[in-house]
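Asker: Compact mmCIF, N, CA and C atoms and all ligand atoms, saved as upload15.txt, coming up:
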```
# COMPACT_ATOMS: atom_id res chain seq x y z
N MET B 1 -11.77 29.54 15.04
CA MET B 1 -11.41 29.87 16.44
C MET B 1 -12.36 29.16 17.40
N GLU B 2 -13.64 29.46 17.20
CA GLU B 2 -14.72 28.85 17.98
C GLU B 2 -14.65 27.32 17.93
N GLN B 3 -14.49 26.85 16.69
CA GLN B 3 -14.46 25.42 16.42
C GLN B 3 -13.30 24.73 17.16
N GLU B 4 -12.11 25.37 17.11
CA GLU B 4 -10.94 24.79 17.75
C GLU B 4 -11.10 24.77 19.28
N THR B 5 -11.68 25.83 19.82
CA THR B 5 -11.91 25.90 21.26
C THR B 5 -12.80 24.74 21.71
N LYS B 6 -13.85 24.55 20.95
CA LYS B 6 -14.79 23.47 21.27
C LYS B 6 -14.11 22.11 21.22
N GLU B 7 -13.33 21.93 20.15
CA GLU B 7 -12.64 20.66 19.95
C GLU B 7 -11.69 20.35 21.11
N LEU B 8 -10.94 21.37 21.55
CA LEU B 8 -10.02 21.16 22.66
C LEU B 8 -10.77 20.83 23.94
N ARG B 9 -11.86 21.55 24.18
CA ARG B 9 -12.64 21.30 25.40
C ARG B 9 -13.25 19.91 25.37
N ARG B 10 -13.72 19.53 24.17
CA ARG B 10 -14.37 18.23 24.00
C ARG B 10 -13.45 17.08 24.44
N VAL B 11 -12.16 17.21 24.10
CA VAL B 11 -11.24 16.13 24.46
C VAL B 11 -10.56 16.37 25.80
N GLY B 12 -11.00 17.40 26.50
CA GLY B 12 -10.51 17.63 27.86
C GLY B 12 -9.15 18.31 27.94
N LEU B 13 -8.77 19.01 26.87
CA LEU B 13 -7.50 19.75 26.91
C LEU B 13 -7.78 21.23 27.18
N LYS B 14 -6.92 21.82 28.01
CA LYS B 14 -7.08 23.24 28.29
C LYS B 14 -6.78 24.04 27.03
N VAL B 15 -7.54 25.10 26.82
CA VAL B 15 -7.33 25.92 25.64
C VAL B 15 -6.12 26.83 25.87
N THR B 16 -5.03 26.53 25.17
CA THR B 16 -3.84 27.38 25.27
C THR B 16 -3.53 27.92 23.88
N HIS B 17 -2.75 28.97 23.84
CA HIS B 17 -2.43 29.59 22.56
C HIS B 17 -1.75 28.61 21.58
N PRO B 18 -0.67 27.92 22.01
CA PRO B 18 -0.04 26.99 21.05
C PRO B 18 -1.01 25.90 20.56
N ARG B 19 -1.81 25.36 21.45
CA ARG B 19 -2.76 24.32 21.03
C ARG B 19 -3.75 24.85 20.01
N MET B 20 -4.25 26.06 20.27
CA MET B 20 -5.20 26.68 19.34
C MET B 20 -4.59 26.87 17.96
N ARG B 21 -3.38 27.47 17.96
CA ARG B 21 -2.73 27.79 16.68
C ARG B 21 -2.39 26.53 15.90
N ILE B 22 -1.92 25.50 16.59
CA ILE B 22 -1.53 24.27 15.90
C ILE B 22 -2.76 23.56 15.34
N LEU B 23 -3.83 23.56 16.12
CA LEU B 23 -5.06 22.94 15.63
C LEU B 23 -5.61 23.71 14.42
N GLN B 24 -5.48 25.03 14.47
CA GLN B 24 -5.94 25.85 13.34
C GLN B 24 -5.17 25.52 12.06
N ILE B 25 -3.88 25.23 12.22
CA ILE B 25 -3.08 24.90 11.05
C ILE B 25 -3.60 23.62 10.39
N PHE B 26 -3.95 22.64 11.22
CA PHE B 26 -4.49 21.40 10.66
C PHE B 26 -5.89 21.60 10.08
N ASP B 27 -6.58 22.61 10.56
CA ASP B 27 -7.93 22.88 10.07
C ASP B 27 -7.94 23.70 8.78
N GLU B 28 -6.76 24.23 8.42
CA GLU B 28 -6.68 25.05 7.20
C GLU B 28 -7.06 24.22 5.99
N GLU B 29 -7.66 24.90 5.05
CA GLU B 29 -8.11 24.25 3.84
C GLU B 29 -6.96 23.58 3.10
N GLY B 30 -7.18 22.36 2.69
CA GLY B 30 -6.18 21.67 1.88
C GLY B 30 -5.04 21.05 2.66
N VAL B 31 -5.00 21.30 3.99
CA VAL B 31 -3.94 20.74 4.80
C VAL B 31 -4.32 19.32 5.22
N GLN B 32 -3.45 18.38 4.97
CA GLN B 32 -3.77 17.03 5.41
C GLN B 32 -2.66 16.40 6.23
N HIS B 33 -1.53 16.17 5.58
CA HIS B 33 -0.46 15.45 6.25
C HIS B 33 0.73 16.36 6.49
N LEU B 34 1.08 16.55 7.75
CA LEU B 34 2.17 17.45 8.09
C LEU B 34 3.16 16.81 9.04
N THR B 35 4.44 17.10 8.84
CA THR B 35 5.44 16.69 9.82
C THR B 35 5.48 17.79 10.89
N ALA B 36 6.14 17.50 12.00
CA ALA B 36 6.25 18.50 13.06
C ALA B 36 6.95 19.75 12.52
N GLU B 37 7.93 19.53 11.65
CA GLU B 37 8.64 20.67 11.08
C GLU B 37 7.77 21.49 10.15
N ASP B 38 6.89 20.80 9.40
CA ASP B 38 5.94 21.53 8.55
C ASP B 38 5.08 22.46 9.42
N VAL B 39 4.61 21.93 10.54
CA VAL B 39 3.76 22.71 11.45
C VAL B 39 4.55 23.91 11.96
N TYR B 40 5.78 23.64 12.38
CA TYR B 40 6.65 24.69 12.90
C TYR B 40 6.86 25.80 11.87
N LYS B 41 7.12 25.41 10.61
CA LYS B 41 7.34 26.40 9.55
C LYS B 41 6.08 27.21 9.26
N LYS B 42 4.94 26.55 9.30
CA LYS B 42 3.68 27.27 9.07
C LYS B 42 3.43 28.28 10.19
N LEU B 43 3.77 27.91 11.41
CA LEU B 43 3.63 28.84 12.53
C LEU B 43 4.53 30.05 12.33
N LEU B 44 5.76 29.77 11.90
CA LEU B 44 6.71 30.87 11.64
C LEU B 44 6.16 31.80 10.58
N ALA B 45 5.60 31.20 9.52
CA ALA B 45 5.04 32.00 8.43
C ALA B 45 3.89 32.88 8.92
N HIS B 46 3.25 32.46 10.01
CA HIS B 46 2.18 33.25 10.61
C HIS B 46 2.70 34.12 11.76
N GLN B 47 4.01 34.33 11.77
CA GLN B 47 4.68 35.14 12.82
C GLN B 47 4.42 34.62 14.23
N GLU B 48 4.28 33.32 14.35
CA GLU B 48 4.04 32.75 15.68
C GLU B 48 5.35 32.27 16.27
N ASP B 49 5.63 32.69 17.48
CA ASP B 49 6.86 32.30 18.15
C ASP B 49 6.61 31.07 19.02
N ILE B 50 6.42 29.94 18.35
CA ILE B 50 6.19 28.68 19.07
C ILE B 50 7.31 27.74 18.66
N GLY B 51 8.09 27.28 19.62
CA GLY B 51 9.27 26.46 19.33
C GLY B 51 8.93 25.05 18.88
N LEU B 52 9.91 24.43 18.24
CA LEU B 52 9.71 23.07 17.73
C LEU B 52 9.42 22.07 18.85
N ALA B 53 10.06 22.27 20.01
CA ALA B 53 9.83 21.37 21.14
C ALA B 53 8.37 21.44 21.59
N THR B 54 7.81 22.65 21.57
CA THR B 54 6.40 22.83 21.94
C THR B 54 5.51 22.17 20.90
N VAL B 55 5.87 22.32 19.63
CA VAL B 55 5.09 21.69 18.56
C VAL B 55 5.03 20.18 18.80
N TYR B 56 6.18 19.57 19.07
CA TYR B 56 6.23 18.13 19.32
C TYR B 56 5.37 17.76 20.52
N ARG B 57 5.45 18.56 21.57
CA ARG B 57 4.71 18.27 22.80
C ARG B 57 3.21 18.34 22.53
N VAL B 58 2.79 19.39 21.84
CA VAL B 58 1.35 19.55 21.55
C VAL B 58 0.86 18.42 20.63
N LEU B 59 1.68 18.06 19.64
CA LEU B 59 1.27 16.98 18.73
C LEU B 59 1.09 15.67 19.49
N THR B 60 1.99 15.42 20.44
CA THR B 60 1.88 14.21 21.26
C THR B 60 0.61 14.24 22.10
N GLN B 61 0.28 15.41 22.64
CA GLN B 61 -0.96 15.56 23.43
C GLN B 61 -2.18 15.35 22.55
N PHE B 62 -2.14 15.92 21.35
CA PHE B 62 -3.25 15.76 20.41
C PHE B 62 -3.43 14.29 20.01
N GLU B 63 -2.31 13.62 19.85
CA GLU B 63 -2.37 12.20 19.47
C GLU B 63 -3.00 11.39 20.60
N ALA B 64 -2.56 11.66 21.82
CA ALA B 64 -3.10 10.96 22.99
C ALA B 64 -4.59 11.24 23.16
N ALA B 65 -5.01 12.45 22.78
CA ALA B 65 -6.41 12.84 22.94
C ALA B 65 -7.27 12.36 21.76
N GLY B 66 -6.62 11.80 20.76
CA GLY B 66 -7.36 11.28 19.61
C GLY B 66 -7.78 12.32 18.59
N ILE B 67 -7.18 13.51 18.65
CA ILE B 67 -7.50 14.55 17.67
C ILE B 67 -6.75 14.30 16.37
N ILE B 68 -5.50 13.87 16.52
CA ILE B 68 -4.71 13.60 15.32
C ILE B 68 -4.16 12.18 15.34
N VAL B 69 -3.78 11.73 14.17
CA VAL B 69 -3.18 10.41 14.01
C VAL B 69 -1.75 10.62 13.55
N LYS B 70 -0.86 9.79 14.10
CA LYS B 70 0.54 9.88 13.70
C LYS B 70 0.89 8.69 12.82
N HIS B 71 1.54 8.95 11.71
CA HIS B 71 1.97 7.87 10.83
C HIS B 71 3.49 7.83 10.80
N ASN B 72 4.04 6.64 10.94
CA ASN B 72 5.48 6.49 10.80
C ASN B 72 5.77 5.80 9.48
N PHE B 73 5.74 6.59 8.42
CA PHE B 73 6.02 6.01 7.12
C PHE B 73 7.52 5.76 7.01
N GLU B 74 7.88 4.78 6.19
CA GLU B 74 9.29 4.45 6.03
C GLU B 74 10.07 5.57 5.37
N GLY B 75 11.30 5.71 5.80
CA GLY B 75 12.21 6.64 5.13
C GLY B 75 11.87 8.10 5.27
N GLY B 76 11.11 8.43 6.27
CA GLY B 76 10.78 9.85 6.44
C GLY B 76 10.47 10.15 7.89
N GLN B 77 10.13 11.42 8.15
CA GLN B 77 9.74 11.82 9.49
C GLN B 77 8.29 11.41 9.73
N ALA B 78 7.90 11.37 10.98
CA ALA B 78 6.50 11.07 11.31
C ALA B 78 5.61 12.14 10.69
N VAL B 79 4.46 11.69 10.21
CA VAL B 79 3.51 12.59 9.57
C VAL B 79 2.22 12.56 10.38
N TYR B 80 1.65 13.74 10.61
CA TYR B 80 0.44 13.85 11.41
C TYR B 80 -0.73 14.30 10.56
N GLU B 81 -1.92 13.83 10.89
CA GLU B 81 -3.12 14.34 10.22
C GLU B 81 -4.28 14.32 11.21
N LEU B 82 -5.26 15.16 10.95
CA LEU B 82 -6.45 15.19 11.80
C LEU B 82 -7.15 13.85 11.70
N ASP B 83 -7.67 13.37 12.80
CA ASP B 83 -8.43 12.12 12.78
C ASP B 83 -9.87 12.46 12.43
N ARG B 84 -10.18 12.34 11.15
CA ARG B 84 -11.53 12.66 10.70
C ARG B 84 -12.45 11.46 10.80
N GLY B 85 -11.92 10.37 11.36
CA GLY B 85 -12.74 9.20 11.59
C GLY B 85 -13.09 8.42 10.35
N LYS B 86 -12.48 8.79 9.23
CA LYS B 86 -12.77 8.07 8.00
C LYS B 86 -11.56 7.26 7.56
N HIS B 87 -11.77 5.96 7.41
CA HIS B 87 -10.64 5.13 7.02
C HIS B 87 -10.14 5.45 5.61
N HIS B 88 -8.83 5.49 5.48
CA HIS B 88 -8.23 5.61 4.16
C HIS B 88 -6.82 5.04 4.22
N ASP B 89 -6.30 4.72 3.06
CA ASP B 89 -4.93 4.23 2.99
C ASP B 89 -4.06 5.30 2.34
N HIS B 90 -2.76 5.04 2.36
CA HIS B 90 -1.82 6.05 1.86
C HIS B 90 -0.86 5.53 0.81
N MET B 91 -0.45 6.45 -0.04
CA MET B 91 0.63 6.23 -0.99
C MET B 91 1.68 7.28 -0.70
N ILE B 92 2.93 6.87 -0.69
CA ILE B 92 4.01 7.84 -0.47
C ILE B 92 4.86 7.90 -1.74
N ASP B 93 5.01 9.09 -2.26
CA ASP B 93 5.91 9.31 -3.39
C ASP B 93 7.32 9.29 -2.82
N VAL B 94 8.10 8.26 -3.18
CA VAL B 94 9.43 8.11 -2.56
C VAL B 94 10.40 9.20 -3.02
N ASP B 95 10.12 9.85 -4.14
CA ASP B 95 11.00 10.91 -4.61
C ASP B 95 10.75 12.22 -3.86
N SER B 96 9.48 12.59 -3.76
CA SER B 96 9.15 13.90 -3.18
C SER B 96 8.68 13.81 -1.73
N GLY B 97 8.32 12.61 -1.27
CA GLY B 97 7.80 12.47 0.08
C GLY B 97 6.34 12.84 0.18
N LYS B 98 5.74 13.19 -0.94
CA LYS B 98 4.32 13.57 -0.96
C LYS B 98 3.43 12.40 -0.51
N VAL B 99 2.41 12.71 0.28
CA VAL B 99 1.49 11.69 0.78
C VAL B 99 0.17 11.81 0.03
N ILE B 100 -0.28 10.71 -0.53
CA ILE B 100 -1.53 10.69 -1.28
C ILE B 100 -2.50 9.73 -0.57
N GLU B 101 -3.73 10.17 -0.40
CA GLU B 101 -4.73 9.29 0.23
C GLU B 101 -5.55 8.57 -0.81
N PHE B 102 -5.96 7.36 -0.48
CA PHE B 102 -6.88 6.67 -1.37
C PHE B 102 -7.74 5.70 -0.58
N VAL B 103 -8.87 5.36 -1.16
CA VAL B 103 -9.75 4.35 -0.58
C VAL B 103 -10.16 3.43 -1.71
N SER B 104 -10.03 2.13 -1.51
CA SER B 104 -10.48 1.18 -2.52
C SER B 104 -11.38 0.15 -1.86
N GLU B 105 -12.64 0.19 -2.24
CA GLU B 105 -13.60 -0.78 -1.68
C GLU B 105 -13.17 -2.20 -2.02
N GLU B 106 -12.58 -2.34 -3.20
CA GLU B 106 -12.13 -3.65 -3.65
C GLU B 106 -11.04 -4.20 -2.72
N ILE B 107 -10.09 -3.34 -2.39
CA ILE B 107 -9.00 -3.77 -1.50
C ILE B 107 -9.57 -4.06 -0.11
N GLU B 108 -10.47 -3.22 0.37
CA GLU B 108 -11.09 -3.43 1.68
C GLU B 108 -11.76 -4.80 1.73
N ARG B 109 -12.52 -5.09 0.68
CA ARG B 109 -13.26 -6.35 0.62
C ARG B 109 -12.29 -7.54 0.57
N LEU B 110 -11.28 -7.44 -0.28
CA LEU B 110 -10.29 -8.51 -0.40
C LEU B 110 -9.61 -8.80 0.93
N GLN B 111 -9.28 -7.74 1.66
CA GLN B 111 -8.60 -7.92 2.95
C GLN B 111 -9.51 -8.67 3.92
N ARG B 112 -10.81 -8.29 3.91
CA ARG B 112 -11.75 -8.99 4.80
C ARG B 112 -11.84 -10.46 4.43
N GLU B 113 -11.87 -10.73 3.13
CA GLU B 113 -11.95 -12.11 2.66
C GLU B 113 -10.72 -12.91 3.06
N ILE B 114 -9.57 -12.33 2.89
CA ILE B 114 -8.31 -13.02 3.24
C ILE B 114 -8.27 -13.32 4.73
N ALA B 115 -8.62 -12.32 5.54
CA ALA B 115 -8.63 -12.53 6.99
C ALA B 115 -9.62 -13.64 7.35
N ALA B 116 -10.81 -13.59 6.74
CA ALA B 116 -11.85 -14.59 7.02
C ALA B 116 -11.37 -15.99 6.67
N ARG B 117 -10.67 -16.09 5.56
CA ARG B 117 -10.13 -17.37 5.12
C ARG B 117 -9.18 -17.96 6.16
N HIS B 118 -8.56 -17.10 6.92
CA HIS B 118 -7.65 -17.55 7.99
C HIS B 118 -8.37 -17.62 9.33
N GLY B 119 -9.67 -17.40 9.32
CA GLY B 119 -10.46 -17.49 10.54
C GLY B 119 -10.44 -16.23 11.39
N TYR B 120 -10.21 -15.10 10.75
CA TYR B 120 -10.14 -13.84 11.51
C TYR B 120 -11.08 -12.77 10.96
N VAL B 121 -11.39 -11.81 11.81
CA VAL B 121 -12.01 -10.58 11.32
C VAL B 121 -10.98 -9.47 11.53
N ILE B 122 -11.01 -8.51 10.66
CA ILE B 122 -10.02 -7.43 10.75
C ILE B 122 -10.38 -6.46 11.87
N GLU B 123 -9.41 -6.23 12.71
CA GLU B 123 -9.56 -5.28 13.82
C GLU B 123 -9.18 -3.88 13.34
N ASP B 124 -8.14 -3.84 12.57
CA ASP B 124 -7.63 -2.57 12.06
C ASP B 124 -6.62 -2.91 10.97
N HIS B 125 -6.36 -1.99 10.10
CA HIS B 125 -5.29 -2.21 9.14
C HIS B 125 -4.78 -0.89 8.62
N SER B 126 -3.54 -0.93 8.15
CA SER B 126 -3.04 0.23 7.43
C SER B 126 -2.25 -0.29 6.26
N LEU B 127 -2.48 0.34 5.14
CA LEU B 127 -1.82 -0.07 3.92
C LEU B 127 -1.08 1.13 3.37
N VAL B 128 0.19 0.95 3.10
CA VAL B 128 0.99 2.04 2.55
C VAL B 128 1.69 1.56 1.29
N LEU B 129 1.49 2.27 0.22
CA LEU B 129 2.17 1.97 -1.02
C LEU B 129 3.29 2.99 -1.21
N TYR B 130 4.49 2.49 -1.46
CA TYR B 130 5.60 3.40 -1.74
C TYR B 130 5.74 3.48 -3.25
N VAL B 131 5.50 4.65 -3.78
CA VAL B 131 5.37 4.79 -5.23
C VAL B 131 6.36 5.80 -5.81
N ARG B 132 6.47 5.74 -7.12
CA ARG B 132 7.32 6.67 -7.86
C ARG B 132 6.52 7.08 -9.09
N PRO B 133 6.61 8.33 -9.53
CA PRO B 133 5.83 8.74 -10.69
C PRO B 133 6.13 7.85 -11.90
N LYS B 134 5.10 7.50 -12.62
CA LYS B 134 5.27 6.71 -13.85
C LYS B 134 6.16 7.48 -14.80
N PRO B 135 7.10 6.79 -15.46
CA PRO B 135 7.95 7.50 -16.42
C PRO B 135 7.10 8.25 -17.42
N GLY B 136 7.44 9.49 -17.66
CA GLY B 136 6.72 10.27 -18.66
C GLY B 136 5.45 10.92 -18.15
N SER B 137 5.15 10.76 -16.85
CA SER B 137 3.94 11.40 -16.33
C SER B 137 4.27 12.27 -15.13
N ARG B 138 5.18 13.18 -15.35
CA ARG B 138 5.61 14.08 -14.28
C ARG B 138 4.46 14.98 -13.84
N LYS B 139 3.97 14.69 -12.66
CA LYS B 139 2.90 15.52 -12.12
C LYS B 139 3.27 15.92 -10.71
N GLY B 140 3.00 17.18 -10.35
CA GLY B 140 3.41 17.68 -9.05
C GLY B 140 2.67 17.17 -7.91
ZN ZN L 1 -4.25 10.39 5.52
```
For the structure just supplied, provide its representation as structure tokens.
Answerer:
Amino acid sequence: MEQETKELRRVGLKVTHPRMRILQIFDEEGVQHLTAEDVYKKLLAHQEDIGLATVYRVLTQFEAAGIIVKHNFEGGQAVYELDRGKHHDHMIDVDSGKVIEFVSEEIERLQREIAARHGYVIEDHSLVLYVRPKPGSRKG
């Protein structure tokens, strides 16, 4: 509660009930990547009467304020996550839509080398792998 209030004030957003509750959902343990509908359903599960339109509006405000990052992965709805300031790349399970995070120093280094070879330094990058479970390795 305290933490969310501070975070909202820090980015210059007024502390409102929907903003607090939505930020709390992203702060929940184990929560990483959520669609607007996921957020809406979690609010409902917490008996919160916050409409989907409000969820979208708050998410857009959070994105503009730099609290969350929005990803437009292919073949799915936009996915939001807290901006923890740590770079990582994503894998999307094309069957389940599950989002998996990964970091590979080797890939990071290779990308810098490739850019350098073309006379550039990397300003930013995002890498998304669209994956499917290996046959015979059904894991949830
Ligand atoms: Zn992520």
Asker: Got a sec to check which residues lie within 9 Å of ligand ZN 1 (chain L), using only C-alpha atoms and all ligand atoms, and send them as a PyMOL selection string?
Answerer: chain B and resi 32-33+69+71+80-83+87-90+99-102
Asker: Taking a cut-off of 8 Å and counting all atoms listed in the file, can you build a table that, for each residue of stretch 47-121 of chain B near stretch 13-24 of chain B, reports the nearest atom pair and how far apart they are in Å (one decimal), sorted by chain then residue number, as CSV?
Answerer:
```
residue,atom,partner,partner_atom,distance
B:Ile50,CA,B:Pro18,CA,6.8
B:Thr54,C,B:Pro18,CA,7.4
B:Val55,CA,B:Ile22,CA,7.6
B:Val58,CA,B:Arg19,CA,6.3
B:Leu59,N,B:Arg19,CA,7.8
B:Ala65,CA,B:Leu13,N,7.7
```
Asker: Draw an axis-aligned box over all listed atoms of stretch 67-86 of chain B, pad each side with 8 Å, and write its centre and edge lengths in Å, one decimal, as JSON.
Answerer:
```
{"center_x": -0.4, "center_y": 9.8, "center_z": 11.9, "size_x": 41.3, "size_y": 26.7, "size_z": 29.5}
```
Asker: Distance atom CA of B:Ile92-atom CA of B:Val79, one decimal place?
Answerer: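 If I compute the distance from atom CA of B:Ile92 to atom CA of B:Val79, I get 11.1 Å.
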Asker: In Å, rounded to a single decimal, give me how far atom N of B:Ile68 is from atom CA of B:Arg84.
Answerer: 8.5 Å
Asker: Mind giving me the straight-line distance from atom N of B:Leu52 to atom CA of B:Asn72 in Å, one decimal?
Answerer: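 Computed distance, atom N of B:Leu52 to atom CA of B:Asn72, equals 19.9 Å.
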Asker: For B:Val94, list every protein, DNA or RNA residue within 6 Å, evaluated using only C-alpha atoms, and leave out those in the same chain fewer than 2 positions away; present the list as a PyMOL selection string.
Answerer: chain B and resi 92+96-97+131-132
Asker: Could you pull out the residues in stretch 14-123 of chain B that DSSP calls helix (DSSP H, G or I) from the backbone, as JSON, numbers by chain?
Answerer: {"B": [17, 18, 19, 20, 21, 22, 23, 24, 25, 26, 27, 36, 37, 38, 39, 40, 41, 42, 43, 44, 45, 52, 53, 54, 55, 56, 57, 58, 59, 60, 61, 62, 63, 64, 65, 105, 106, 107, 108, 109, 110, 111, 112, 113, 114, 115, 116, 117]}
Asker: Keeping only N, CA and C atoms, write the selected residues to a file as a CSV table (one decimal), in the coordinates of the input.
Answerer:
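Dumped everything to out-v7.csv:
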```csv
chain,number,residue,atom,x,y,z
B,17,HIS,N,-2.8,29.0,23.8
B,17,HIS,CA,-2.4,29.6,22.6
B,17,HIS,C,-1.8,28.6,21.6
B,18,PRO,N,-0.7,27.9,22.0
B,18,PRO,CA,0.0,27.0,21.0
B,18,PRO,C,-1.0,25.9,20.6
B,19,ARG,N,-1.8,25.4,21.4
B,19,ARG,CA,-2.8,24.3,21.0
B,19,ARG,C,-3.8,24.8,20.0
B,20,MET,N,-4.2,26.1,20.3
B,20,MET,CA,-5.2,26.7,19.3
B,20,MET,C,-4.6,26.9,18.0
B,21,ARG,N,-3.4,27.5,18.0
B,21,ARG,CA,-2.7,27.8,16.7
B,21,ARG,C,-2.4,26.5,15.9
B,22,ILE,N,-1.9,25.5,16.6
B,22,ILE,CA,-1.5,24.3,15.9
B,22,ILE,C,-2.8,23.6,15.3
B,23,LEU,N,-3.8,23.6,16.1
B,23,LEU,CA,-5.1,22.9,15.6
B,23,LEU,C,-5.6,23.7,14.4
B,24,GLN,N,-5.5,25.0,14.5
B,24,GLN,CA,-5.9,25.8,13.3
B,24,GLN,C,-5.2,25.5,12.1
B,25,ILE,N,-3.9,25.2,12.2
B,25,ILE,CA,-3.1,24.9,11.0
B,25,ILE,C,-3.6,23.6,10.4
B,26,PHE,N,-4.0,22.6,11.2
B,26,PHE,CA,-4.5,21.4,10.7
B,26,PHE,C,-5.9,21.6,10.1
B,27,ASP,N,-6.6,22.6,10.6
B,27,ASP,CA,-7.9,22.9,10.1
B,27,ASP,C,-7.9,23.7,8.8
B,36,ALA,N,6.1,17.5,12.0
B,36,ALA,CA,6.2,18.5,13.1
B,36,ALA,C,7.0,19.8,12.5
B,37,GLU,N,7.9,19.5,11.6
B,37,GLU,CA,8.6,20.7,11.1
B,37,GLU,C,7.8,21.5,10.2
B,38,ASP,N,6.9,20.8,9.4
B,38,ASP,CA,5.9,21.5,8.6
B,38,ASP,C,5.1,22.5,9.4
B,39,VAL,N,4.6,21.9,10.5
B,39,VAL,CA,3.8,22.7,11.4
B,39,VAL,C,4.6,23.9,12.0
B,40,TYR,N,5.8,23.6,12.4
B,40,TYR,CA,6.6,24.7,12.9
B,40,TYR,C,6.9,25.8,11.9
B,41,LYS,N,7.1,25.4,10.6
B,41,LYS,CA,7.3,26.4,9.6
B,41,LYS,C,6.1,27.2,9.3
B,42,LYS,N,4.9,26.6,9.3
B,42,LYS,CA,3.7,27.3,9.1
B,42,LYS,C,3.4,28.3,10.2
B,43,LEU,N,3.8,27.9,11.4
B,43,LEU,CA,3.6,28.8,12.5
B,43,LEU,C,4.5,30.0,12.3
B,44,LEU,N,5.8,29.8,11.9
B,44,LEU,CA,6.7,30.9,11.6
B,44,LEU,C,6.2,31.8,10.6
B,45,ALA,N,5.6,31.2,9.5
B,45,ALA,CA,5.0,32.0,8.4
B,45,ALA,C,3.9,32.9,8.9
B,52,LEU,N,9.9,24.4,18.2
B,52,LEU,CA,9.7,23.1,17.7
B,52,LEU,C,9.4,22.1,18.8
B,53,ALA,N,10.1,22.3,20.0
B,53,ALA,CA,9.8,21.4,21.1
B,53,ALA,C,8.4,21.4,21.6
B,54,THR,N,7.8,22.6,21.6
B,54,THR,CA,6.4,22.8,21.9
B,54,THR,C,5.5,22.2,20.9
B,55,VAL,N,5.9,22.3,19.6
B,55,VAL,CA,5.1,21.7,18.6
B,55,VAL,C,5.0,20.2,18.8
B,56,TYR,N,6.2,19.6,19.1
B,56,TYR,CA,6.2,18.1,19.3
B,56,TYR,C,5.4,17.8,20.5
B,57,ARG,N,5.4,18.6,21.6
B,57,ARG,CA,4.7,18.3,22.8
B,57,ARG,C,3.2,18.3,22.5
B,58,VAL,N,2.8,19.4,21.8
B,58,VAL,CA,1.4,19.6,21.6
B,58,VAL,C,0.9,18.4,20.6
B,59,LEU,N,1.7,18.1,19.6
B,59,LEU,CA,1.3,17.0,18.7
B,59,LEU,C,1.1,15.7,19.5
B,60,THR,N,2.0,15.4,20.4
B,60,THR,CA,1.9,14.2,21.3
B,60,THR,C,0.6,14.2,22.1
B,61,GLN,N,0.3,15.4,22.6
B,61,GLN,CA,-1.0,15.6,23.4
B,61,GLN,C,-2.2,15.4,22.6
B,62,PHE,N,-2.1,15.9,21.4
B,62,PHE,CA,-3.2,15.8,20.4
B,62,PHE,C,-3.4,14.3,20.0
B,63,GLU,N,-2.3,13.6,19.8
B,63,GLU,CA,-2.4,12.2,19.5
B,63,GLU,C,-3.0,11.4,20.6
B,64,ALA,N,-2.6,11.7,21.8
B,64,ALA,CA,-3.1,11.0,23.0
B,64,ALA,C,-4.6,11.2,23.2
B,65,ALA,N,-5.0,12.4,22.8
B,65,ALA,CA,-6.4,12.8,22.9
B,65,ALA,C,-7.3,12.4,21.8
B,105,GLU,N,-12.6,0.2,-2.2
B,105,GLU,CA,-13.6,-0.8,-1.7
B,105,GLU,C,-13.2,-2.2,-2.0
B,106,GLU,N,-12.6,-2.3,-3.2
B,106,GLU,CA,-12.1,-3.6,-3.6
B,106,GLU,C,-11.0,-4.2,-2.7
B,107,ILE,N,-10.1,-3.3,-2.4
B,107,ILE,CA,-9.0,-3.8,-1.5
B,107,ILE,C,-9.6,-4.1,-0.1
B,108,GLU,N,-10.5,-3.2,0.4
B,108,GLU,CA,-11.1,-3.4,1.7
B,108,GLU,C,-11.8,-4.8,1.7
B,109,ARG,N,-12.5,-5.1,0.7
B,109,ARG,CA,-13.3,-6.4,0.6
B,109,ARG,C,-12.3,-7.5,0.6
B,110,LEU,N,-11.3,-7.4,-0.3
B,110,LEU,CA,-10.3,-8.5,-0.4
B,110,LEU,C,-9.6,-8.8,0.9
B,111,GLN,N,-9.3,-7.7,1.7
B,111,GLN,CA,-8.6,-7.9,3.0
B,111,GLN,C,-9.5,-8.7,3.9
B,112,ARG,N,-10.8,-8.3,3.9
B,112,ARG,CA,-11.8,-9.0,4.8
B,112,ARG,C,-11.8,-10.5,4.4
B,113,GLU,N,-11.9,-10.7,3.1
B,113,GLU,CA,-12.0,-12.1,2.7
B,113,GLU,C,-10.7,-12.9,3.1
B,114,ILE,N,-9.6,-12.3,2.9
B,114,ILE,CA,-8.3,-13.0,3.2
B,114,ILE,C,-8.3,-13.3,4.7
B,115,ALA,N,-8.6,-12.3,5.5
B,115,ALA,CA,-8.6,-12.5,7.0
B,115,ALA,C,-9.6,-13.6,7.4
B,116,ALA,N,-10.8,-13.6,6.7
B,116,ALA,CA,-11.8,-14.6,7.0
B,116,ALA,C,-11.4,-16.0,6.7
B,117,ARG,N,-10.7,-16.1,5.6
B,117,ARG,CA,-10.1,-17.4,5.1
B,117,ARG,C,-9.2,-18.0,6.2
```
Asker: Residues near B:Asp124, anyone? I mean within 12 Å using only C-alpha atoms, not counting same-chain ones fewer than 2 positions away, as a VMD selection string.
Answerer: chain B and resid 87 to 89 108 111 to 112 115 120 to 122 126 to 127
Asker: Identify which of the residues B:Met91, B:Ile25, B:Val31, B:Leu110 lies closest to B:Glu48, counting only C-alpha atoms when measuring atom-to-atom distances.
Answerer: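 The closest residue to B:Glu48 is B:Ile25.
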